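Printed here is coords-v4.cif (mmCIF, C-alpha atoms):
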data_entry
#
loop_
_atom_site.label_atom_id
_atom_site.label_comp_id
_atom_site.auth_asym_id
_atom_site.auth_seq_id
_atom_site.Cartn_x
_atom_site.Cartn_y
_atom_site.Cartn_z
CA MET A 291 3.36 14.44 16.75
CA SER A 292 1.79 11.55 18.68
CA ILE A 293 3.92 8.40 18.84
CA VAL A 294 2.67 4.96 19.91
CA ASP A 295 5.07 2.06 20.43
CA ALA A 296 3.43 -0.51 18.18
CA ILE A 297 5.75 -3.28 19.36
CA ALA A 298 5.19 -2.88 23.10
CA LEU A 299 1.58 -1.65 22.86
CA PRO A 300 0.01 -3.20 19.75
CA GLU A 301 -3.58 -2.95 20.98
CA ALA A 302 -3.13 0.73 21.85
CA ALA A 303 -1.53 1.31 18.45
CA VAL A 304 -4.47 -0.27 16.66
CA ALA A 305 -7.01 1.70 18.70
CA ALA A 306 -5.21 4.99 18.13
CA ALA A 307 -4.90 4.33 14.39
CA VAL A 308 -8.56 3.41 14.00
CA THR A 309 -9.61 6.60 15.82
CA ALA A 310 -7.33 8.82 13.75
CA LEU A 311 -8.25 7.25 10.42
CA ARG A 312 -11.98 7.48 11.10
CA ALA A 313 -11.46 11.15 12.05
CA GLY A 314 -10.01 11.80 8.60
CA ARG A 315 -6.34 11.93 9.58
CA PRO A 316 -3.43 10.16 7.87
CA VAL A 317 -1.33 7.79 9.96
CA VAL A 318 2.34 6.78 9.64
CA LEU A 319 2.67 3.04 10.08
CA PRO A 320 5.20 0.23 9.64
CA THR A 321 4.93 -2.49 7.03
CA GLU A 322 7.15 -5.42 6.12
CA THR A 323 8.72 -3.27 3.38
CA VAL A 324 9.08 0.42 4.32
CA TYR A 325 7.25 2.95 6.49
CA GLY A 326 4.04 4.08 4.87
CA VAL A 327 1.51 6.84 5.38
CA ALA A 328 -2.11 5.82 5.02
CA ALA A 329 -5.64 7.22 4.99
CA LEU A 330 -9.06 5.72 4.45
CA ALA A 331 -9.37 5.05 0.72
CA GLY A 332 -12.90 6.47 0.63
CA ASP A 333 -12.04 9.76 2.39
CA PRO A 334 -11.21 12.40 -0.25
CA GLY A 335 -10.00 14.99 2.26
CA ALA A 336 -7.61 12.62 3.99
CA VAL A 337 -6.28 11.33 0.67
CA GLU A 338 -5.72 14.88 -0.57
CA GLU A 339 -3.67 15.52 2.57
CA LEU A 340 -1.47 12.56 1.67
CA PHE A 341 -0.74 14.09 -1.74
CA GLU A 342 0.01 17.49 -0.20
CA ARG A 343 2.34 16.10 2.48
CA LYS A 344 4.20 14.00 -0.07
CA GLY A 345 4.39 16.71 -2.71
CA ARG A 346 3.07 13.99 -5.02
CA PRO A 347 1.50 14.78 -8.41
CA GLY A 348 -2.19 13.91 -8.53
CA GLU A 349 -1.77 11.67 -11.58
CA ARG A 350 0.48 9.30 -9.59
CA LEU A 351 -2.26 7.20 -8.05
CA LEU A 352 -2.00 5.78 -4.54
CA ALA A 353 -2.06 2.04 -3.92
CA VAL A 354 -4.57 0.41 -1.59
CA LEU A 355 -3.87 -1.94 1.30
CA VAL A 356 -6.48 -4.59 2.11
CA ALA A 357 -6.88 -7.11 4.92
CA ASP A 358 -7.44 -10.09 2.63
CA LEU A 359 -8.59 -11.29 -0.78
CA GLU A 360 -12.27 -10.79 0.07
CA ALA A 361 -11.60 -7.12 0.76
CA ALA A 362 -9.78 -6.90 -2.57
CA ARG A 363 -12.86 -8.29 -4.35
CA ARG A 364 -14.92 -5.37 -3.10
CA ILE A 365 -12.70 -2.75 -4.74
CA ALA A 366 -11.11 -4.53 -7.74
CA VAL A 367 -12.11 -6.93 -10.50
CA VAL A 368 -10.47 -10.15 -9.31
CA ASP A 369 -9.90 -12.67 -12.11
CA VAL A 370 -8.31 -16.11 -12.00
CA MET A 371 -4.72 -14.82 -12.33
CA PHE A 372 -5.31 -12.24 -9.59
CA GLU A 373 -6.44 -15.10 -7.34
CA VAL A 374 -3.36 -17.16 -8.25
CA LEU A 375 -1.02 -14.27 -7.44
CA ALA A 376 -2.79 -13.51 -4.18
CA ALA A 377 -2.69 -17.16 -3.12
CA SER A 378 1.02 -17.34 -3.97
CA PHE A 379 2.35 -14.04 -2.62
CA TRP A 380 -0.15 -12.56 -0.15
CA PRO A 381 0.23 -11.51 2.54
CA GLY A 382 3.42 -10.09 1.12
CA PRO A 383 5.24 -7.54 -1.02
CA LEU A 384 3.24 -7.80 -4.26
CA THR A 385 0.96 -5.01 -5.47
CA ILE A 386 -1.51 -6.19 -8.12
CA VAL A 387 -2.99 -3.64 -10.53
CA ALA A 388 -6.48 -4.53 -11.74
CA GLN A 389 -9.63 -2.80 -12.97
CA ARG A 390 -11.29 -0.78 -10.23
CA ARG A 391 -14.90 -1.34 -9.18
CA PRO A 392 -16.58 2.06 -9.68
CA GLU A 393 -19.01 1.44 -6.84
CA ALA A 394 -16.11 1.13 -4.37
CA GLY A 395 -15.90 4.93 -4.05
CA LEU A 396 -12.11 5.07 -3.93
CA HIS A 397 -10.21 8.37 -3.93
CA LEU A 398 -6.67 7.65 -5.11
CA GLY A 399 -5.70 10.55 -7.35
CA ASP A 400 -6.63 12.02 -10.70
CA GLY A 401 -8.62 9.67 -12.91
CA SER A 402 -7.86 6.08 -13.94
CA SER A 403 -10.13 3.07 -13.84
CA THR A 404 -7.48 0.86 -12.24
CA VAL A 405 -6.30 0.21 -8.69
CA GLY A 406 -3.13 -1.27 -7.23
CA VAL A 407 -3.97 -3.62 -4.35
CA ARG A 408 -1.75 -5.26 -1.73
CA CYS A 409 -2.29 -7.35 1.39
CA PRO A 410 0.69 -6.60 3.67
CA ASP A 411 2.57 -9.24 5.62
CA HIS A 412 2.27 -7.26 8.84
CA ASP A 413 -0.14 -8.39 11.55
CA LEU A 414 -0.62 -4.93 13.07
CA VAL A 415 -1.53 -3.33 9.74
CA ARG A 416 -3.89 -6.15 8.77
CA THR A 417 -5.64 -5.79 12.14
CA ILE A 418 -6.18 -2.09 11.44
CA LEU A 419 -7.42 -2.89 7.93
CA ALA A 420 -9.91 -5.40 9.32
CA GLU A 421 -11.34 -2.61 11.48
CA VAL A 422 -11.45 0.31 9.04
CA GLY A 423 -11.43 -1.24 5.56
CA PRO A 424 -9.11 -0.46 2.63
CA MET A 425 -6.49 2.22 3.14
CA ALA A 426 -4.89 4.39 0.47
CA THR A 427 -1.17 4.31 1.08
CA THR A 428 2.20 5.45 -0.13
CA SER A 429 5.73 5.38 1.24
CA ALA A 430 6.32 7.85 4.08
CA ASN A 431 8.69 10.26 2.37
CA ARG A 432 8.63 13.35 0.20
CA SER A 433 8.26 12.41 -3.46
CA GLY A 434 11.61 11.64 -5.05
CA GLU A 435 13.44 11.28 -1.73
CA PRO A 436 14.49 8.08 0.11
CA THR A 437 12.04 6.61 2.59
CA PRO A 438 13.35 6.99 6.17
CA SER A 439 13.85 3.75 8.09
CA THR A 440 12.50 5.04 11.41
CA ALA A 441 8.99 6.16 12.27
CA VAL A 442 9.91 9.59 13.64
CA GLU A 443 12.09 10.40 10.63
CA ALA A 444 9.25 9.34 8.34
CA ALA A 445 6.76 11.59 10.11
CA ASP A 446 9.20 14.52 10.09
CA ALA A 447 9.72 14.08 6.35
CA LEU A 448 5.96 14.52 5.88
CA GLY A 449 5.69 17.65 7.98
CA GLY A 450 4.98 16.20 11.42
CA ASP A 451 1.68 16.63 13.30
CA LEU A 452 0.69 13.02 12.62
CA LEU A 453 -0.11 9.89 14.57
CA VAL A 454 2.95 7.66 14.28
CA LEU A 455 2.96 3.92 14.96
CA ASP A 456 6.56 3.08 15.79
CA GLY A 457 7.34 -0.47 14.71
CA GLY A 458 11.12 -0.23 14.84
CA ARG A 459 13.36 0.07 11.81
CA CYS A 460 11.74 -0.61 8.43
CA ALA A 461 14.38 -0.78 5.75
CA GLY A 462 13.07 -3.38 3.33
CA SER A 463 12.65 -3.13 -0.43
CA PRO A 464 9.40 -1.78 -1.89
CA SER A 465 6.76 -4.18 -3.15
CA THR A 466 6.80 -5.47 -6.70
CA VAL A 467 4.02 -3.90 -8.78
CA VAL A 468 2.49 -6.02 -11.55
CA ASP A 469 -0.18 -4.77 -13.95
CA LEU A 470 -2.81 -7.33 -14.94
CA THR A 471 -4.77 -4.88 -17.09
CA THR A 472 -2.43 -5.37 -20.07
CA ASP A 473 -1.90 -8.46 -22.23
CA PRO A 474 0.64 -9.75 -21.47
CA ALA A 475 0.98 -8.46 -17.91
CA ARG A 476 3.76 -5.98 -17.07
CA VAL A 477 6.01 -5.43 -14.08
CA LEU A 478 5.63 -1.71 -13.39
CA ARG A 479 8.12 -1.70 -10.52
CA PRO A 480 10.62 -4.47 -9.76
CA GLY A 481 10.74 -5.40 -6.08
CA VAL A 482 10.96 -8.31 -3.68
CA VAL A 483 8.90 -10.70 -5.82
CA THR A 484 10.90 -11.41 -8.97
CA SER A 485 9.70 -11.78 -12.54
CA GLY A 486 10.88 -15.38 -12.40
CA GLU A 487 8.68 -16.06 -9.39
CA LEU A 488 5.72 -14.46 -11.14
CA ARG A 489 6.27 -16.59 -14.22
CA GLY A 490 6.66 -19.60 -11.94
CA VAL A 491 2.99 -19.41 -10.94
CA GLY A 492 1.82 -19.08 -14.53
CA LEU A 493 1.79 -15.33 -15.16
CA GLU A 494 2.60 -14.38 -18.74
CA LEU A 495 4.88 -11.35 -18.88
CA GLY A 496 6.12 -9.38 -21.86
CA PRO A 497 9.70 -9.72 -23.14
CA ASP A 498 10.73 -6.41 -21.56
CA ASP A 499 10.19 -7.96 -18.14
CA ALA A 500 12.75 -10.70 -18.74
CA GLU A 501 15.55 -8.43 -17.56
CA ALA A 502 13.57 -6.65 -14.83
CA ASP A 503 15.33 -8.42 -11.95
CA ARG A 504 18.86 -8.26 -13.32
#

Once you've parsed the file, please lay out its structure as C-alpha cells.
Amino acid sequence: MSIVDAIALPEAAVAAAVTALRAGRPVVLPTETVYGVAALAGDPGAVEELFERKGRPGERLLAVLVADLEAARRIAVVDVMFEVLAASFWPGPLTIVAQRRPEAGLHLGDGSSTVGVRCPDHDLVRTILAEVGPMATTSANRSGEPTPSTAVEAADALGGDLLVLDGGRCAGSPSTVVDLTTDPARVLRPGVVTSGELRGVGLELGPDDAEADR
C-alpha cells in the first residue's frame, strides 16, 4: 500500500494519482462525503478491478465523477433541468442520473444507457479529474458494509495494494442520487441534498419522494 498525505502534499498526491490512474490502477481518495475508490471511466480493466475489490454485482453501475459541467456534457445528455441542478448544487453532494452518450466509451457495469454524474466539492479530486478526465467511482468499502472514515481503513477493506490519498477523516453522508430519466424525476437515494431543496429549484418529483427526507 502506498500512502500520500494529500493535506500536506497535495501536488504530490495529484501527481501520484494521475500516474496510477493512467497505468490502469484504482486509487483510494477523499471526497467531501466519504472515501471513494476510483478508476478511469474508459478503462474496462481498471473498472472491473473496482467491482472485484468491492464484491459488487455487475448490474449495480458505478457513478462517474467529473471536473465540471462541460465534462458532464461529454458523457451525458444534459438538458435544462440537469443544468439547473448542476448550477444549484455542484460542486457538491448531488449525483444526477441522465442518458449516457454512447460515444463516451464508459465502462460502468453491465448494460444500461444511463449514467450517474457528480462534480465533487473537493479541490484535490477536481484537480485530478481535470488532468485525467471522468472517473468511475464508488464508496471505498466492501459491498453492504459501512464505509471506513480513514484512508488506510478504506484501502484495507478493499484488499490493500492500492495508492491511497490520505485526506484525513471522511465521515460525511453519501450524495443524493436523483434520476432525471423518468417523468417525474425520482430520488433513488436520499442524501445531503433534500427533496425539498430539489423541488425548490423547480424539479418535479413523484409523490413517493415527498417523504424521502423524513

Inset, instruction - Go through A:Pro480, A:Gly335, A:Pro381, A:Pro320 and flag the residue nearest Cys460 in chain A, using all atoms listed in the file for the distances. - result: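 So, comparing all the options, the nearest one is A:Pro320.
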
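Atom pair CA of Met371 in chain A / CA of Ala475 in chain A has a distance of 10.2 Å (rounded to one decimal).
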
Inset, instruction - Would you please work out which residue, of A:Val415, A:Ala305, A:Ile386, A:Val354, is nearest to Val318 in chain A when using all atoms listed in the file? - result: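 Using all atoms listed in the file, Val318 in chain A sits closest to A:Val415.
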
Closest atom pairs, range 317-373 of chain A residues within 8 Å of range 421-427 of chain A, all atoms listed in the file, as CSV:
residue,atom,partner,partner_atom,distance
A:Gly326,CA,A:Thr427,CA,6.4
A:Val327,CA,A:Thr427,CA,5.7
A:Ala328,CA,A:Thr427,CA,4.3
A:Ala329,CA,A:Ala426,CA,5.4
A:Leu330,CA,A:Met425,CA,4.5
A:Ala331,CA,A:Ala426,CA,4.5
A:Val337,CA,A:Ala426,CA,7.1
A:Leu352,CA,A:Thr427,CA,5.9
A:Ala353,CA,A:Thr427,CA,5.6
A:Val354,CA,A:Ala426,CA,4.5
A:Leu355,CA,A:Met425,CA,5.2
A:Val356,CA,A:Pro424,CA,4.9
A:Ala357,CA,A:Pro424,CA,7.4
A:Ala361,CA,A:Pro424,CA,7.4

Keeping only C-alpha atoms, write the selected residues to a file as a PDB file, in the frame of the given file.
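Listing of part30.pdb after writing:
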ATOM      1  CA  GLY A 326       4.040   4.080   4.870  1.00  0.00           C
ATOM      2  CA  VAL A 327       1.510   6.840   5.380  1.00  0.00           C
ATOM      3  CA  ALA A 328      -2.110   5.820   5.020  1.00  0.00           C
ATOM      4  CA  ALA A 329      -5.640   7.220   4.990  1.00  0.00           C
ATOM      5  CA  LEU A 330      -9.060   5.720   4.450  1.00  0.00           C
ATOM      6  CA  ALA A 331      -9.370   5.050   0.720  1.00  0.00           C
ATOM      7  CA  VAL A 337      -6.280  11.330   0.670  1.00  0.00           C
ATOM      8  CA  LEU A 352      -2.000   5.780  -4.540  1.00  0.00           C
ATOM      9  CA  ALA A 353      -2.060   2.040  -3.920  1.00  0.00           C
ATOM     10  CA  VAL A 354      -4.570   0.410  -1.590  1.00  0.00           C
ATOM     11  CA  LEU A 355      -3.870  -1.940   1.300  1.00  0.00           C
ATOM     12  CA  VAL A 356      -6.480  -4.590   2.110  1.00  0.00           C
ATOM     13  CA  ALA A 357      -6.880  -7.110   4.920  1.00  0.00           C
ATOM     14  CA  ALA A 361     -11.600  -7.120   0.760  1.00  0.00           C
TER      15      ALA A 361
END

Legend entry - Protein/DNA/RNA residues near (0.1, 1.7, -6.0), cut 10 Å, all atoms listed in the file, as a list of chain:residue names: A:Arg350, A:Leu351, A:Leu352, A:Ala353, A:Val354, A:Leu355, A:Thr385, A:Ile386, A:Val387, A:Leu398, A:Thr404, A:Val405, A:Gly406, A:Val407, A:Arg408, A:Ala426, A:Thr427, A:Thr428, A:Ser429, A:Ser465, A:Thr466, A:Val467, A:Val468, A:Leu478, A:Arg479

Legend entry - the PyMOL selection byres ((chain A and resi 338) around 10) resolved against shown file, as a ChimeraX atom specification: /A:316,329,333-337,339-344,346,348,397-399

Writing out the chosen residues with C-alpha atoms as a PDB file, in the frame of the given file:
ATOM      1  CA  PRO A 316      -3.430  10.160   7.870  1.00  0.00           C
ATOM      2  CA  ALA A 329      -5.640   7.220   4.990  1.00  0.00           C
ATOM      3  CA  ASP A 333     -12.040   9.760   2.390  1.00  0.00           C
ATOM      4  CA  PRO A 334     -11.210  12.400  -0.250  1.00  0.00           C
ATOM      5  CA  GLY A 335     -10.000  14.990   2.260  1.00  0.00           C
ATOM      6  CA  ALA A 336      -7.610  12.620   3.990  1.00  0.00           C
ATOM      7  CA  VAL A 337      -6.280  11.330   0.670  1.00  0.00           C
ATOM      8  CA  GLU A 339      -3.670  15.520   2.570  1.00  0.00           C
ATOM      9  CA  LEU A 340      -1.470  12.560   1.670  1.00  0.00           C
ATOM     10  CA  PHE A 341      -0.740  14.090  -1.740  1.00  0.00           C
ATOM     11  CA  GLU A 342       0.010  17.490  -0.200  1.00  0.00           C
ATOM     12  CA  ARG A 343       2.340  16.100   2.480  1.00  0.00           C
ATOM     13  CA  LYS A 344       4.200  14.000  -0.070  1.00  0.00           C
ATOM     14  CA  ARG A 346       3.070  13.990  -5.020  1.00  0.00           C
ATOM     15  CA  GLY A 348      -2.190  13.910  -8.530  1.00  0.00           C
ATOM     16  CA  HIS A 397     -10.210   8.370  -3.930  1.00  0.00           C
ATOM     17  CA  LEU A 398      -6.670   7.650  -5.110  1.00  0.00           C
ATOM     18  CA  GLY A 399      -5.700  10.550  -7.350  1.00  0.00           C
TER      19      GLY A 399
END

Inset, instruction - Run the PyMOL selection byres ((chain A and resi 432-445) around 6) mentally over the shown coordinates, then write out the matched residues as a list in words, using the chain letters and numbers from the document. - result: Lys344, Gly345, Arg346, Ala430, Asn431, Asp446, Ala447, Leu448, Gly450, Asp456, Arg459, Cys460 and Ala461 of chain A

Just to be explicit: take each residue in the selection above, keep C-alpha atoms, and write the result as a PDB file, in the frame of the given file.
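File written: again12.pdb
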ATOM      1  CA  LYS A 344       4.200  14.000  -0.070  1.00  0.00           C
ATOM      2  CA  GLY A 345       4.390  16.710  -2.710  1.00  0.00           C
ATOM      3  CA  ARG A 346       3.070  13.990  -5.020  1.00  0.00           C
ATOM      4  CA  ALA A 430       6.320   7.850   4.080  1.00  0.00           C
ATOM      5  CA  ASN A 431       8.690  10.260   2.370  1.00  0.00           C
ATOM      6  CA  ASP A 446       9.200  14.520  10.090  1.00  0.00           C
ATOM      7  CA  ALA A 447       9.720  14.080   6.350  1.00  0.00           C
ATOM      8  CA  LEU A 448       5.960  14.520   5.880  1.00  0.00           C
ATOM      9  CA  GLY A 450       4.980  16.200  11.420  1.00  0.00           C
ATOM     10  CA  ASP A 456       6.560   3.080  15.790  1.00  0.00           C
ATOM     11  CA  ARG A 459      13.360   0.070  11.810  1.00  0.00           C
ATOM     12  CA  CYS A 460      11.740  -0.610   8.430  1.00  0.00           C
ATOM     13  CA  ALA A 461      14.380  -0.780   5.750  1.00  0.00           C
TER      14      ALA A 461
END

Legend entry - Near-Pro300 in chain A list (10 Å; only C-alpha atoms; drop same-chain fewer than 6 positions) as JSON, numbers by chain: {"A": [294, 306, 413, 414, 417, 455, 456, 457]}

Legend entry - Interatomic distance (Å, one decimal) between CA of Ala298 in chain A and CA of Asp411 in chain A: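 For CA of Ala298 in chain A relative to CA of Asp411 in chain A, the distance reads 18.8 Å.
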
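Separating CA of Arg390 in chain A from CA of Asp358 in chain A is a distance of 16.3 Å.
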
Would you mind writing range 425-454 of chain A with N, CA and C atoms, as a tab-separated table (two decimals), in the coordinates of the input?
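This is the output file rebuild.tsv:
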chain	number	residue	atom	x	y	z
A	425	MET	N	-7.20	0.98	2.90
A	425	MET	CA	-6.49	2.22	3.14
A	425	MET	C	-5.66	2.60	1.92
A	426	ALA	N	-5.80	3.85	1.48
A	426	ALA	CA	-4.89	4.39	0.47
A	426	ALA	C	-3.54	4.61	1.13
A	427	THR	N	-2.48	4.24	0.43
A	427	THR	CA	-1.17	4.31	1.08
A	427	THR	C	-0.07	4.63	0.09
A	428	THR	N	1.00	5.17	0.63
A	428	THR	CA	2.20	5.45	-0.13
A	428	THR	C	3.36	5.47	0.86
A	429	SER	N	4.57	5.38	0.35
A	429	SER	CA	5.73	5.38	1.24
A	429	SER	C	5.81	6.72	1.98
A	430	ALA	N	6.30	6.67	3.21
A	430	ALA	CA	6.32	7.85	4.08
A	430	ALA	C	7.57	8.67	3.84
A	431	ASN	N	7.57	9.40	2.73
A	431	ASN	CA	8.69	10.26	2.37
A	431	ASN	C	8.18	11.33	1.41
A	432	ARG	N	8.94	12.39	1.24
A	432	ARG	CA	8.63	13.35	0.20
A	432	ARG	C	8.92	12.71	-1.15
A	433	SER	N	8.10	13.01	-2.14
A	433	SER	CA	8.26	12.41	-3.46
A	433	SER	C	9.67	12.64	-4.00
A	434	GLY	N	10.27	11.56	-4.48
A	434	GLY	CA	11.61	11.64	-5.05
A	434	GLY	C	12.73	11.49	-4.06
A	435	GLU	N	12.41	11.42	-2.76
A	435	GLU	CA	13.44	11.28	-1.73
A	435	GLU	C	13.38	9.88	-1.12
A	436	PRO	N	14.49	9.41	-0.52
A	436	PRO	CA	14.49	8.08	0.11
A	436	PRO	C	13.49	8.01	1.25
A	437	THR	N	12.96	6.82	1.48
A	437	THR	CA	12.04	6.61	2.59
A	437	THR	C	12.84	6.39	3.87
A	438	PRO	N	12.63	7.20	4.91
A	438	PRO	CA	13.35	6.99	6.17
A	438	PRO	C	13.06	5.62	6.77
A	439	SER	N	14.02	5.09	7.52
A	439	SER	CA	13.85	3.75	8.09
A	439	SER	C	13.28	3.77	9.49
A	440	THR	N	13.10	4.97	10.08
A	440	THR	CA	12.50	5.04	11.41
A	440	THR	C	11.19	5.83	11.33
A	441	ALA	N	10.31	5.56	12.28
A	441	ALA	CA	8.99	6.16	12.27
A	441	ALA	C	9.04	7.68	12.44
A	442	VAL	N	9.84	8.15	13.37
A	442	VAL	CA	9.91	9.59	13.64
A	442	VAL	C	10.47	10.33	12.44
A	443	GLU	N	11.53	9.78	11.82
A	443	GLU	CA	12.09	10.40	10.63
A	443	GLU	C	11.07	10.45	9.49
A	444	ALA	N	10.28	9.38	9.37
A	444	ALA	CA	9.25	9.34	8.34
A	444	ALA	C	8.21	10.43	8.56
A	445	ALA	N	7.76	10.57	9.80
A	445	ALA	CA	6.76	11.59	10.11
A	445	ALA	C	7.33	12.99	9.89
A	446	ASP	N	8.57	13.21	10.30
A	446	ASP	CA	9.20	14.52	10.09
A	446	ASP	C	9.29	14.86	8.61
A	447	ALA	N	9.60	13.85	7.79
A	447	ALA	CA	9.72	14.08	6.35
A	447	ALA	C	8.40	14.55	5.75
A	448	LEU	N	7.29	14.17	6.39
A	448	LEU	CA	5.96	14.52	5.88
A	448	LEU	C	5.37	15.75	6.55
A	449	GLY	N	6.16	16.41	7.38
A	449	GLY	CA	5.69	17.65	7.98
A	449	GLY	C	5.24	17.55	9.42
A	450	GLY	N	5.36	16.35	10.02
A	450	GLY	CA	4.98	16.20	11.42
A	450	GLY	C	3.49	16.30	11.65
A	451	ASP	N	3.09	16.50	12.92
A	451	ASP	CA	1.68	16.63	13.30
A	451	ASP	C	0.86	15.45	12.81
A	452	LEU	N	1.37	14.24	13.05
A	452	LEU	CA	0.69	13.02	12.62
A	452	LEU	C	0.73	11.99	13.74
A	453	LEU	N	-0.22	11.06	13.73
A	453	LEU	CA	-0.11	9.89	14.57
A	453	LEU	C	0.93	8.96	13.94
A	454	VAL	N	1.86	8.50	14.77
A	454	VAL	CA	2.95	7.66	14.28
A	454	VAL	C	2.94	6.34	15.05
